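Asker: Structure incoming, see below.
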Amino acid sequence: MFETLKNAWWNAEMRKKLLYTLFILFIFRLGASIPVPFINTEALSEYFATLDAAGGMLSYINVFTGGGLSNATLFAMSITPYINASIILQLLTVAIPALERMVKDGGEEGRKKIASWTRYLAVVLGLIQGFSYYVMLRSYNLLNNTGVWAAIVIIMTFTAGTALIMWLGEHITQNGVGNGISIILFAGIISRGPSLANSLLNLVKNGGTGALTAVLMVIIGLALIVFIVYMSNAERRIPIQYAKRVVGRKMYGGQSTFLPIKVNATGVMPIIFASSILSLPSTVFAFYTPEAGSIGSVVKDLFSQSNPFYIVLYAILIVAFSYFYASIQFNPVEIANNLKKNGGFIPGFRPGKPTADFITKALAKVVFVGALFLGVVALLPLIVGAFSSSLSNVAVGGTSVIIVVGVALETVKQIEAQLMMRHHKGFLE
């Protein structure tokens, strides 16, 4: 990885992309440090300190905002509204034939329309989320000014921050390195690293069970990193044979190759999408306290990270989004048709529908293994945190680790691919 970054830095064009990405991330961290007016940030920080100790959902969301939520900064909503908008539009594209035709037959114009609608929906969701956050701040007496003008300024500032961070993410994708949404999430989680290290040091200083907890968290983290890297590089290779054919006086084909299917082809997106969806109910319930024994109280308990219902639903969403993304990325019928046109075939299967059926079955098995991998990595820390209150923060760390490692691996692979495109050693020698 470090060798790849070194080679990218010495390439003038790649260096510009890296510097551009770093500049955008600097703006992101700057915006995550600018507090919104009319909010008592000291009291808010104390409130989140109690949530961190209890491992609450707002504390979980705060990790992905890089601490922006606990400080009520410009980017307190982070990229979450844009992610939720993307989920809604992609699901609608699959469910509504007209939208599906727009994407497939509309070409670049169709994709631009979907992207535009995603931005508008993200702003609307950011407005709703900003209003909900304002209601929470007012209900817990965390505002310095409760007037109408203060409410408008706070809500509109949060919404503007959502639009700006969405713009920053899109520009990283277009002009920088990696996927903008993932890179911003990566930067937000990494920014909490010093705070996590300080917490571990405090546990070690306390000795006894605190030191044991710190050591256990480090061991789990290292084991997750090794497991994630191993599974991210795993792939299923389907053998492909090309028939020999004579064109003029030359013979073409006859060589053997393979069709690679990554075990974790969907990357970290199923985790991000599942986390974003499950954060919505818990975020709503964080804005008010339902009465004990009421339906609201029961539902709130169901969406607690230590509740078996939450863990099972999280697993189901991860599997569902893994298959959903795999269906978008791979089209077995199209792959089979391309093989048939180029004289390729899978040994033991006739070209056309039999080949497409075989690829579909192989893809389903590989995606299941990939979804199982994501589920184990995301759910194991949740289960550990459910059995021990002292390890409740491990639940936050599990999802954070897979996002950080997954984004790092994907970004490095993209850099390697771009370097390969620009590297022509011996081409004109």
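Residues in the structure tokens are named by chain (A, B, ... in the order shown) and by number from 1 within that chain; ligands are numbered from 1 in the order shown.
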Contacts of A:Val229 at 9 Å or less, counting only C-alpha atoms, minus same-chain residues fewer than 4 places along, as a PDB file with C-alpha atoms, in the first residue's frame?

Answerer:
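Result file is selection-v3.pdb:
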ATOM      1  CA  LEU A 224     -10.966  -7.993  12.218  1.00  0.00           C
ATOM      2  CA  ILE A 225      -8.381  -6.174  10.105  1.00  0.00           C
ATOM      3  CA  ASN A 233      -8.766 -10.248  -1.745  1.00  0.00           C
ATOM      4  CA  ALA A 234     -10.567 -13.606  -2.104  1.00  0.00           C
ATOM      5  CA  VAL A 405     -10.221  -1.030   6.079  1.00  0.00           C
ATOM      6  CA  GLY A 406     -12.656  -1.565   3.202  1.00  0.00           C
ATOM      7  CA  LEU A 409      -8.348  -1.243   0.214  1.00  0.00           C
TER       8      LEU A 409
END

Asker: Which residues are close to A:Ser256, i.e. within 9 Å by only C-alpha atoms, leaving aside same-chain residues fewer than 4 positions away? Reply as a ChimeraX atom specification.

Answerer: /A:239-242

Asker: Using N, CA and C atoms, can you export the residues from the last selection as an mmCIF file, in the first residue's frame?

Answerer:
data_model
loop_
_atom_site.group_PDB
_atom_site.id
_atom_site.type_symbol
_atom_site.label_atom_id
_atom_site.label_comp_id
_atom_site.auth_asym_id
_atom_site.auth_seq_id
_atom_site.Cartn_x
_atom_site.Cartn_y
_atom_site.Cartn_z
ATOM 1 N N PRO A 239 -13.415 -20.755 -14.961
ATOM 2 C CA PRO A 239 -12.560 -20.950 -16.154
ATOM 3 C C PRO A 239 -13.313 -20.653 -17.440
ATOM 4 N N ILE A 240 -12.605 -20.016 -18.369
ATOM 5 C CA ILE A 240 -13.195 -19.680 -19.677
ATOM 6 C C ILE A 240 -12.228 -20.138 -20.773
ATOM 7 N N GLN A 241 -12.767 -20.800 -21.775
ATOM 8 C CA GLN A 241 -11.968 -21.281 -22.903
ATOM 9 C C GLN A 241 -12.467 -20.604 -24.181
ATOM 10 N N TYR A 242 -11.524 -20.116 -24.979
ATOM 11 C CA TYR A 242 -11.890 -19.489 -26.255
ATOM 12 C C TYR A 242 -11.595 -20.459 -27.396
#

Asker: Can you check which residues of stretch 174-386 of chain A DSSP gives as strand (DSSP E or B) on the backbone and send them as a PyMOL selection string?

Answerer: chain A and resi 235-242+245-247+250-252+256-262+344-345

Asker: Return the single residue from A:Tyr140, A:Trp9, A:Phe28, A:Tyr134 that is closest to A:Ala43, with distances computed using only C-alpha atoms.

Answerer: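 Smallest separation from A:Ala43 among the options: A:Tyr140.
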
Asker: Out of A:Ala211, A:Val36, A:Ile403, A:Ile261, which residue has the shortest atom-to-atom distance to A:Phe158 when counting only C-alpha atoms?

Answerer: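 When distances to A:Phe158 are compared using only C-alpha atoms, the smallest one comes from A:Val36.
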
Asker: Excluding A:Leu18 and its own-chain neighbours fewer than 5 positions away, which residues fall within 10 Å of it when counting only C-alpha atoms? Please give them as a PyMOL selection string.

Answerer: chain A and resi 5+8-9+12-13+23-24+172+175-178+415

Asker: When you count only C-alpha atoms, which of these residues is closest to A:Leu259: A:Phe303, A:Phe273, A:Tyr133, A:Phe330?

Answerer: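 Counting only C-alpha atoms, the residue closest to A:Leu259 is A:Phe330.
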